[in-house]
Amino acid sequence: MARRTSTPARILADLVGLLVLAVCAFPVYWMVNTSLLPRNEIRAPEPTFTPLNGTLANYRRVLSGDAFGDALLISLAVTLLTVTVALAFGFLAALAVSRFRFRGRKGFIVTLLLVQMIPVEALFISQYKMLEGFDLLNTVAGLTLVYVASVLPFTIWVLRGFVAGVPYELEEAAMMDGCSRFGAFRRVTFPLLAPGLVATGVFGFIQAWNEFTLAVVVMTREDRRTLPLWLSGFVDVNRGTDWGAIMAGSTLIAIPVVVFFLIVQGRMVSGLTAGAVKG
Amino acid sequence: MAATRSLPAGLPAATPERRPRPPRRRGPLLPYVLVVPAVVALGLALGYPVLRQVQLSLQEFGLAQQFGAPAEWVGLDNYRELLGQAYLWKVVVRSLVFCVVNAGLTLVIGMGVALLMTRMSKPVRLLAQTGLLLAWAMPVLAALTVWQWLFDTQYGIVNWLLTRLGGDYEGHSWLLEPLSFFFVATVIVVWMSVPFVAFTGYAALTQVSEDLVEAAELDGANGWQRLRHIVLPSIRPVLLVVGLLEIIWGLRVFTQIYVLQEAGGVTRETNLLGTHIYRLGIAGGDFGTAAAVAIFMLALTVVLTAPYVRTMLRQEELDELEGTAR
């Protein structure tokens, strides 16, 4: 229903469109802009709108401290572990669900749907007690465990769509030609699934990289912070916040996510529909 | 995780014509082996905590127990105590209001943008979509810090702009007053949530049959009537699902409130369910009561999502039937 728009209506819609662009993009622009300004221009009565006398001092200040590096390492470790484990477990489960019929299959699928509705906030108290009992508070393993649980249902679901999208006939043909079942899977199905695995993995990466709530709960020690925790600890209204450094930190955290997000967005949508259409 | 918003899997609205294929093989043992890792992980990190939480909520679990005293079974005492607390109800009402306002604003603005996107000229639509995608992709924490900076008391650009426009906003603190605290939180939540609704809504709108709209136009329906009687009913399933998701997400807002509280909000006056549970249990050490509130929140979510889940289950059942019929 795209045609049949009168000129005044189109002009009005276009104006709103530009407004949408401005409202959405300005905060992002302002983040990058501030991150490049020297302190005296940030703390001036009149704001500076373009980083013409830009400086990288804020970035240098962020990167030179130990805190950022430590948080980066923890974030990377947790995120990569989460993605690896969720992909591996999710892939196996997706194979079972889309290539086999077995008792309990339906129950499993229904559980996956239900589990996605549980708010973390309603469960983090006992997850905290559990990790405390396992001695896993403030550890990468502990945070990874709860992250895997929150990424896994979605991962299985999307991968199920991708697996179902590869016709089993292909595998059968390869077996006719003398491949073993595993060989057929490895040479035919797996390569065709690779893009789906990458997209799903990137999606998990974004989730884990951005996650805040469980990180606050599990990583209580100052020296065990993930990047989002580090960033939140940076703002302090009481002792003159260093906005330049915070915006530099925010930009650094946002860059990989924005890039990844723009890459996978389209594919995730098609992955979802694939999952929907080809159960 | 609430950070990246996208449709959860199994969306019934996006699946108008599912054509499932029956799974081919009947492996006797292999499928079970394949699901074991996932089942174990989910059971350990979600299943066990649920049980543990029910147990905790029935026990006296305070400071003494933190230091090793055995937890005492108190039956429903925690619940009884909670339900009698005026503060809990305050938090519940506050959460529900916040949820409804945020979900409502997000839906209306998001669908408005989606509708207008169908009318924009192509380059402007691309620009608007780029902006939306940018806002959607921003990590929660980065978005939060930026908005805090925009609303900063001393050097924030919002205060600067409002002062220039003639207001008395020099040195105005946005987080001190609960109402203005929630205003800022709402701005942030809505800013982050609109892109999802706008994109989903736009995708649905492009599927609306043009013939139908044209026929209505020929029959003399004006723009508003066409929208109300043709367009909106056609995208009803999508609207319902997105609306329900927004409500669920609105109910579980944690990060935005927590971070703004840490940045200077008055905690007691601004707690929502999530932060209340956190402050009671993890910060306050009263795990028994916190677990009871958490169970309460779980129940609230179940009630709110029941219709959605039922639709999904029915869909799943249909698929199974079709699958076996073939």
# chains A, B, ... in the order shown; residues from 1 in each chain; ligands from 1
$ residues_around --residues "range 165-178 of chain A" --least-positions-apart "2" --cutoff "8 Å" --atoms "only C-alpha atoms" --output "MDAnalysis selection string"
chainID A and resid 161:163 180:181 184:185 188:189 192:193 274 278
$ write_last_selection --atoms "N, CA and C atoms" --output "CSV table (one decimal), in the first residue's frame"
chain,number,residue,atom,x,y,z
A,161,GLY,N,15.0,-23.7,12.4
A,161,GLY,CA,14.5,-23.2,11.1
A,161,GLY,C,15.6,-23.4,10.0
A,162,PHE,N,16.8,-23.1,10.3
A,162,PHE,CA,17.9,-23.2,9.4
A,162,PHE,C,18.1,-24.7,9.0
A,163,VAL,N,18.1,-25.5,10.0
A,163,VAL,CA,18.3,-27.0,9.7
A,163,VAL,C,17.2,-27.5,8.8
A,180,SER,N,28.8,-41.9,4.5
A,180,SER,CA,28.2,-42.4,5.7
A,180,SER,C,27.2,-41.3,6.1
A,181,ARG,N,26.3,-41.7,7.0
A,181,ARG,CA,25.4,-40.6,7.5
A,181,ARG,C,26.1,-39.4,8.0
A,184,ALA,N,27.8,-37.6,5.2
A,184,ALA,CA,26.9,-36.8,4.4
A,184,ALA,C,26.5,-35.5,5.1
A,185,PHE,N,26.3,-35.7,6.4
A,185,PHE,CA,26.0,-34.5,7.2
A,185,PHE,C,27.1,-33.5,7.2
A,188,VAL,N,27.6,-32.1,3.4
A,188,VAL,CA,26.5,-31.5,2.6
A,188,VAL,C,25.7,-30.5,3.5
A,189,THR,N,25.2,-31.1,4.6
A,189,THR,CA,24.3,-30.2,5.4
A,189,THR,C,25.1,-29.1,6.2
A,192,LEU,N,26.1,-26.0,4.3
A,192,LEU,CA,24.9,-25.2,4.0
A,192,LEU,C,24.3,-24.4,5.2
A,193,LEU,N,24.7,-25.0,6.4
A,193,LEU,CA,24.1,-24.3,7.6
A,193,LEU,C,25.0,-23.2,8.1
A,274,ALA,N,12.1,-18.5,8.4
A,274,ALA,CA,12.4,-19.8,8.0
A,274,ALA,C,12.0,-20.8,9.1
A,278,LYS,N,9.1,-23.6,8.3
A,278,LYS,CA,9.5,-24.9,8.0
A,278,LYS,C,9.6,-25.8,9.2
$ interface_residues --of "chain A" --to "chain B" --cutoff "6 Å" --atoms "only C-alpha atoms" --output "PyMOL selection string"
chain A and resi 1-2+10+13-14+17+20-21+24-25+31+89+92-93+96+99-101+121-122+126-127+146+149+210+228+236+250+254+258+261+276-279
$ write_last_selection --atoms "C-alpha atoms" --output "PDB file, in the first residue's frame"
ATOM      1  CA  MET A   1       0.000   0.000   0.000  1.00  0.00           C
ATOM      2  CA  ALA A   2       2.707   2.370  -0.985  1.00  0.00           C
ATOM      3  CA  ARG A  10       3.715  12.896   1.240  1.00  0.00           C
ATOM      4  CA  ALA A  13       5.098  12.155   5.984  1.00  0.00           C
ATOM      5  CA  ASP A  14       8.539  13.159   4.756  1.00  0.00           C
ATOM      6  CA  GLY A  17      10.447  10.938   8.544  1.00  0.00           C
ATOM      7  CA  VAL A  20      12.305  10.418  13.186  1.00  0.00           C
ATOM      8  CA  LEU A  21      15.813  10.406  11.761  1.00  0.00           C
ATOM      9  CA  CYS A  24      16.854   8.527  16.576  1.00  0.00           C
ATOM     10  CA  ALA A  25      20.244   9.596  15.350  1.00  0.00           C
ATOM     11  CA  MET A  31      27.727  10.382  21.966  1.00  0.00           C
ATOM     12  CA  PHE A  89      24.160 -27.212  22.429  1.00  0.00           C
ATOM     13  CA  LEU A  92      22.519 -30.481  18.480  1.00  0.00           C
ATOM     14  CA  ALA A  93      19.072 -29.838  19.896  1.00  0.00           C
ATOM     15  CA  ALA A  96      17.065 -33.509  17.064  1.00  0.00           C
ATOM     16  CA  ARG A  99      15.360 -34.178  11.788  1.00  0.00           C
ATOM     17  CA  PHE A 100      13.824 -36.675  14.182  1.00  0.00           C
ATOM     18  CA  ARG A 101      10.505 -37.514  15.664  1.00  0.00           C
ATOM     19  CA  GLU A 121      14.115 -10.330  37.120  1.00  0.00           C
ATOM     20  CA  ALA A 122      11.747 -12.968  38.435  1.00  0.00           C
ATOM     21  CA  SER A 126      17.515 -17.936  43.174  1.00  0.00           C
ATOM     22  CA  GLN A 127      20.068 -17.945  40.360  1.00  0.00           C
ATOM     23  CA  VAL A 146      23.079 -18.114  33.276  1.00  0.00           C
ATOM     24  CA  ALA A 149      20.309 -20.472  29.613  1.00  0.00           C
ATOM     25  CA  ASN A 210      24.906  -5.974  26.094  1.00  0.00           C
ATOM     26  CA  PRO A 228      28.296  -2.592  30.719  1.00  0.00           C
ATOM     27  CA  ASP A 236      28.563   9.675  39.226  1.00  0.00           C
ATOM     28  CA  SER A 250      30.088   4.069  25.230  1.00  0.00           C
ATOM     29  CA  ALA A 254      28.621   0.350  20.806  1.00  0.00           C
ATOM     30  CA  VAL A 258      26.110  -1.613  15.804  1.00  0.00           C
ATOM     31  CA  PHE A 261      23.585  -5.651  14.258  1.00  0.00           C
ATOM     32  CA  ALA A 276       8.357 -20.333  11.334  1.00  0.00           C
ATOM     33  CA  VAL A 277       7.629 -21.689   7.933  1.00  0.00           C
ATOM     34  CA  LYS A 278       9.490 -24.933   8.031  1.00  0.00           C
ATOM     35  CA  GLY A 279       9.025 -26.296  11.572  1.00  0.00           C
TER      36      GLY A 279
END
$ residues_around --residues "Thr186 in chain B" --least-positions-apart "5" --cutoff "10 Å" --atoms "only C-alpha atoms" --output "ChimeraX atom specification"
/B:98-99,101-103,105-106,180-181,191-192,250,256-257
$ select_by_dssp --residues "range 58-295 of chain B" --states "strand (DSSP E or B)" --output "JSON list (two decimals) with C-alpha atoms, in the first residue's frame"
[["chain", "number", "residue", "atom", "x", "y", "z"],
["B", 59, "GLN", "CA", 11.57, -20.00, 54.26],
["B", 60, "GLU", "CA", 12.82, -17.40, 56.61],
["B", 72, "GLU", "CA", 13.53, -22.08, 58.84],
["B", 73, "TRP", "CA", 10.36, -23.17, 57.09]]
$ closest_residue --among "B:Gly110, B:Arg228, B:Thr267, B:Arg236" --to "Tyr202 in chain B" --atoms "only C-alpha atoms"
B:Gly110
$ residues_around --residues "Phe49 in chain A" --least-positions-apart "3" --cutoff "9 Å" --atoms "only C-alpha atoms" --output "ChimeraX atom specification"
/A:30,33-34,52
$ write_last_selection --atoms "C-alpha atoms" --output "mmCIF file, in the first residue's frame"
data_model
loop_
_atom_site.group_PDB
_atom_site.id
_atom_site.type_symbol
_atom_site.label_atom_id
_atom_site.label_comp_id
_atom_site.auth_asym_id
_atom_site.auth_seq_id
_atom_site.Cartn_x
_atom_site.Cartn_y
_atom_site.Cartn_z
ATOM 1 C CA TRP A 30 25.944 13.369 20.427
ATOM 2 C CA ASN A 33 30.617 14.152 19.227
ATOM 3 C CA THR A 34 31.172 14.443 22.977
ATOM 4 C CA LEU A 52 36.062 20.465 14.861
#
$ closest_residue --among "A:Val120, A:Leu12, A:Trp243, A:Val140" --to "Ser35 in chain A" --atoms "only C-alpha atoms"
A:Trp243
